[in-house]
Amino acid sequence: MDGIEWMIESSGTWLVTTLPDTWFRSLLVDGVWAGVGSVIVFLPQILILFLFLGILEDSGYMARAAVIADRSMYRVGLQGRAFLPLLSGYACAVPAILAARTIDDERDRLATIFVTPFMTCSARLPVYALLIAAFIPDEPLLGPFMGLRAGVLLGLYGLGIVAAVGTAFLLKRTLLKARPASFLMELPPYRIPSLRTLALRLLDRSKIFLKRAGRIIFTVTVVLWAMTQFPRTESGAPEIEQSALGQIGHVIEPAIAPLGLDWRVGVGLVTSLAAREVIVGTLGTIYGVETADEGSLELIEVLQRDITFASAIGLLVFFAFALQCMSTVAVMKRESGGWKWPILQFAYMLFLGYMGAFVAFRIFA
């Protein structure tokens, strides 16, 4: 994945140095090419995940893992087959939701893919790393065994698990209420997986992702680019505060003001809909930081000056709960067969994230 990101960034750099500085170059580099990159960068995770899932299934171990996990999963209203998709969610919710196709019962499958985004995916880590480095002191928590920063990160993982368990429990007793499905499974004999079968399965999964989710991811990225570029100022250069996206940031500022946040973070929250980690680069652009990543000391210093400790904790809680990922929404729409469940999922997680952030802000203010 890092290699693909490097190739995408290198290609984008080549386009920047080759083409004249016009809005068309920005469209190609920051819009079209960034959209293509956002789609391609998911492929390695999807292929690797389905490779291992295919090996587990064809070897006969998948059935045994589901049986082992069934008793624990049953207590919260899920099947044993939900264990592997949820575990896969720690890498990325997109392939994890696709992996839930192994669950036969429709209600159990919907419940599983509804709670999967609560798992702490890799896209949350840059946001966590930036805010924890900026606002959590580097002090011991459990002596030499665990520091305070590691404890906070572990707590964020725990928040996601608690939210997933609680939501699954609630869903299976309300919207997806039904008699528990019988979990009967014939355990197949152990066998060596077929390479040809695995290759065909990987090809099929990659085609589905590129055709279905890829189009939506690409479209969202290009639309976000256009919102940052227009309308242009008198000088012809885009000013993010005066852009359509900046104006949206000002519009939602009253909603996030109770969290101690301003329009700049609001813009970051909007751009993070393309991918959660995008907020790091967006904040760097807004604050004029040349090198903006989760390890940027300059960006950390700027955030320490403009954001309070209580607001930072609230923002961490918000990202632990909220569904800031249109890729996941696109796949959810594909897997559920309509917009009902993706909209409900997005609204529910947004509400949970906002209320959690508000409570955290009030506690630490």
# chains A, B, ... in the order shown; residues from 1 in each chain; ligands from 1
call {"tool": "residues_around", "arguments": {"residues": "range 340-343 of chain A", "least_positions_apart": "3", "cutoff": "8 Å", "atoms": "only C-alpha atoms", "output": "ChimeraX atom specification"}}
result
/A:114,329-330,332-333,336,346-347
call {"tool": "select_by_dssp", "arguments": {"residues": "range 44-258 of chain A", "states": "alpha helix (DSSP H)", "output": "PyMOL selection string"}}
result
chain A and resi 44-59+61-74+83-88+93-99+106-115+124-135+148-171+195-208+214-229+244-256
call {"tool": "residues_around", "arguments": {"residues": "Thr282 in chain A", "least_positions_apart": "4", "cutoff": "9 Å", "atoms": "only C-alpha atoms", "output": "short mmCIF file (atom, residue, chain, number, x, y, z; two decimals) with N, CA and C atoms, in the first residue's frame"}}
result
data_model
loop_
_atom_site.label_atom_id
_atom_site.label_comp_id
_atom_site.auth_asym_id
_atom_site.auth_seq_id
_atom_site.Cartn_x
_atom_site.Cartn_y
_atom_site.Cartn_z
N ARG A 264 -12.35 26.36 10.40
CA ARG A 264 -11.20 25.65 9.82
C ARG A 264 -11.29 24.15 10.08
N VAL A 265 -11.63 23.79 11.30
CA VAL A 265 -11.83 22.37 11.58
C VAL A 265 -13.07 21.87 10.85
N VAL A 267 -14.05 22.76 7.87
CA VAL A 267 -13.60 22.42 6.52
C VAL A 267 -12.88 21.08 6.53
N GLY A 268 -12.05 20.84 7.54
CA GLY A 268 -11.35 19.56 7.64
C GLY A 268 -12.31 18.40 7.80
N THR A 271 -13.79 17.70 4.27
CA THR A 271 -12.85 17.02 3.37
C THR A 271 -12.54 15.61 3.84
N SER A 272 -12.65 15.36 5.14
CA SER A 272 -12.36 14.02 5.65
C SER A 272 -13.42 13.01 5.24
N VAL A 278 -7.55 12.71 5.48
CA VAL A 278 -7.42 13.92 4.67
C VAL A 278 -7.48 15.17 5.54
N ILE A 286 -4.80 24.94 5.43
CA ILE A 286 -5.48 26.10 5.99
C ILE A 286 -4.54 26.93 6.86
N TYR A 287 -3.73 26.25 7.66
CA TYR A 287 -2.82 26.95 8.57
C TYR A 287 -1.50 27.35 7.91
N ALA A 292 2.68 18.89 6.01
CA ALA A 292 1.62 18.57 6.96
C ALA A 292 1.36 17.07 6.97
#
call {"tool": "atom_distance", "arguments": {"atom1": "CA of Leu198 in chain A", "atom2": "CA of Pro117 in chain A"}}
result
26.4 Å
call {"tool": "residues_around", "arguments": {"residues": "range 85-100 of chain A", "least_positions_apart": "5", "cutoff": "8 Å", "atoms": "only C-alpha atoms", "output": "PyMOL selection string"}}
result
chain A and resi 45-46+49-50+53+109+112-113+116-117+119-123+327-328+331-332+335
call {"tool": "closest_residue", "arguments": {"among": "A:Ile103, A:Met326, A:Leu131, A:Ile248", "to": "Ala82 in chain A", "atoms": "only C-alpha atoms"}}
result
A:Ile103
call {"tool": "closest_residue", "arguments": {"among": "A:Val152, A:Val251, A:Leu125, A:Leu245", "to": "Asp138 in chain A", "atoms": "only C-alpha atoms"}}
result
A:Val152
call {"tool": "residues_around", "arguments": {"residues": "Gly249 in chain A", "least_positions_apart": "3", "cutoff": "12 Å", "atoms": "only C-alpha atoms", "output": "list in words"}}
result
Met227, Thr228, Ile240, Glu241, Gln242, Ser243, Ala244, Leu245, Gly246, Ile252, Glu253, Pro254, Ala255, Ile256, Ala257, Leu261, Asp262, Trp263, Arg264, Val265, Gly266, Val267, Gly268, Leu269, Val270, Thr271 and Ile286 of chain A
call {"tool": "residues_around", "arguments": {"residues": "range 321-324 of chain A", "least_positions_apart": "5", "cutoff": "6 Å", "atoms": "only C-alpha atoms", "output": "list in words"}}
result
Ser272, Leu273, Arg276, Phe346, Met349, Leu350 and Gly353 of chain A
call {"tool": "atom_distance", "arguments": {"atom1": "CA of Val29 in chain A", "atom2": "CA of Ala275 in chain A"}}
result
17.1 Å
call {"tool": "atom_distance", "arguments": {"atom1": "CA of Leu203 in chain A", "atom2": "CA of Arg64 in chain A"}}
result
26.1 Å
call {"tool": "residues_around", "arguments": {"residues": "Glu277 in chain A", "least_positions_apart": "3", "cutoff": "6 Å", "atoms": "only C-alpha atoms", "output": "PDB file with N, CA and C atoms, in the first residue's frame"}}
result
ATOM      1  N   ALA A 123      -7.277   4.335   8.634  1.00  0.00           N
ATOM      2  CA  ALA A 123      -7.431   5.742   8.246  1.00  0.00           C
ATOM      3  C   ALA A 123      -7.604   6.651   9.454  1.00  0.00           C
ATOM      4  N   PRO A 126      -3.774   8.273  11.502  1.00  0.00           N
ATOM      5  CA  PRO A 126      -3.093   9.569  11.351  1.00  0.00           C
ATOM      6  C   PRO A 126      -3.754  10.691  12.142  1.00  0.00           C
ATOM      7  N   VAL A 127      -5.093  10.670  12.223  1.00  0.00           N
ATOM      8  CA  VAL A 127      -5.810  11.686  12.999  1.00  0.00           C
ATOM      9  C   VAL A 127      -5.509  11.510  14.479  1.00  0.00           C
ATOM     10  N   VAL A 280      -5.848  15.874   8.097  1.00  0.00           N
ATOM     11  CA  VAL A 280      -4.499  16.287   8.488  1.00  0.00           C
ATOM     12  C   VAL A 280      -3.916  17.233   7.439  1.00  0.00           C
TER      13      VAL A 280
END
call {"tool": "decode", "arguments": {"residues": "range 40-99 of chain A", "atoms": "C-alpha atoms", "output": "compact mmCIF listing (two decimals), in the first residue's frame"}}
result
# COMPACT_ATOMS: atom_id res chain seq x y z
CA ILE A 40 -6.44 2.32 -6.40
CA VAL A 41 -4.96 2.64 -2.92
CA PHE A 42 -7.73 0.42 -1.52
CA LEU A 43 -7.01 -2.45 -3.91
CA PRO A 44 -4.02 -3.98 -2.05
CA GLN A 45 -6.01 -4.18 1.19
CA ILE A 46 -8.97 -5.73 -0.61
CA LEU A 47 -6.86 -8.26 -2.49
CA ILE A 48 -4.81 -9.24 0.57
CA LEU A 49 -7.91 -9.53 2.73
CA PHE A 50 -9.82 -11.69 0.26
CA LEU A 51 -6.73 -13.77 -0.41
CA PHE A 52 -6.49 -14.74 3.25
CA LEU A 53 -10.26 -15.11 3.59
CA GLY A 54 -10.24 -17.36 0.54
CA ILE A 55 -7.41 -19.43 1.97
CA LEU A 56 -9.24 -19.75 5.30
CA GLU A 57 -12.49 -20.69 3.60
CA ASP A 58 -11.06 -23.15 1.07
CA SER A 59 -8.82 -24.78 3.67
CA GLY A 60 -11.78 -25.48 5.95
CA TYR A 61 -10.64 -23.25 8.82
CA MET A 62 -13.21 -20.49 8.27
CA ALA A 63 -16.05 -22.73 9.39
CA ARG A 64 -14.18 -23.72 12.53
CA ALA A 65 -13.36 -20.10 13.43
CA ALA A 66 -17.03 -19.16 13.04
CA VAL A 67 -18.10 -21.99 15.33
CA ILE A 68 -15.55 -20.98 17.99
CA ALA A 69 -16.68 -17.33 17.95
CA ASP A 70 -20.41 -18.01 17.71
CA ARG A 71 -21.18 -18.18 21.43
CA SER A 72 -19.58 -14.80 22.17
CA MET A 73 -21.07 -13.13 19.09
CA TYR A 74 -24.52 -14.57 19.82
CA ARG A 75 -24.73 -12.62 23.09
CA VAL A 76 -24.80 -9.32 21.18
CA GLY A 77 -27.07 -10.61 18.41
CA LEU A 78 -24.50 -11.54 15.77
CA GLN A 79 -23.41 -14.80 14.20
CA GLY A 80 -20.03 -16.41 14.56
CA ARG A 81 -19.42 -15.61 10.89
CA ALA A 82 -19.39 -11.90 11.84
CA PHE A 83 -16.10 -12.32 13.70
CA LEU A 84 -13.81 -12.20 10.66
CA PRO A 85 -15.48 -9.20 8.94
CA LEU A 86 -15.31 -7.26 12.20
CA LEU A 87 -11.68 -8.23 12.69
CA SER A 88 -10.95 -7.15 9.11
CA GLY A 89 -12.49 -3.76 9.92
CA TYR A 90 -9.33 -2.85 11.84
CA ALA A 91 -7.59 -2.59 8.47
CA CYS A 92 -10.35 -1.01 6.38
CA ALA A 93 -14.15 -1.07 6.55
CA VAL A 94 -14.52 -1.30 2.76
CA PRO A 95 -13.19 -4.85 2.26
CA ALA A 96 -14.54 -5.85 5.68
CA ILE A 97 -18.09 -5.04 4.59
CA LEU A 98 -17.56 -7.04 1.40
CA ALA A 99 -16.30 -9.93 3.54
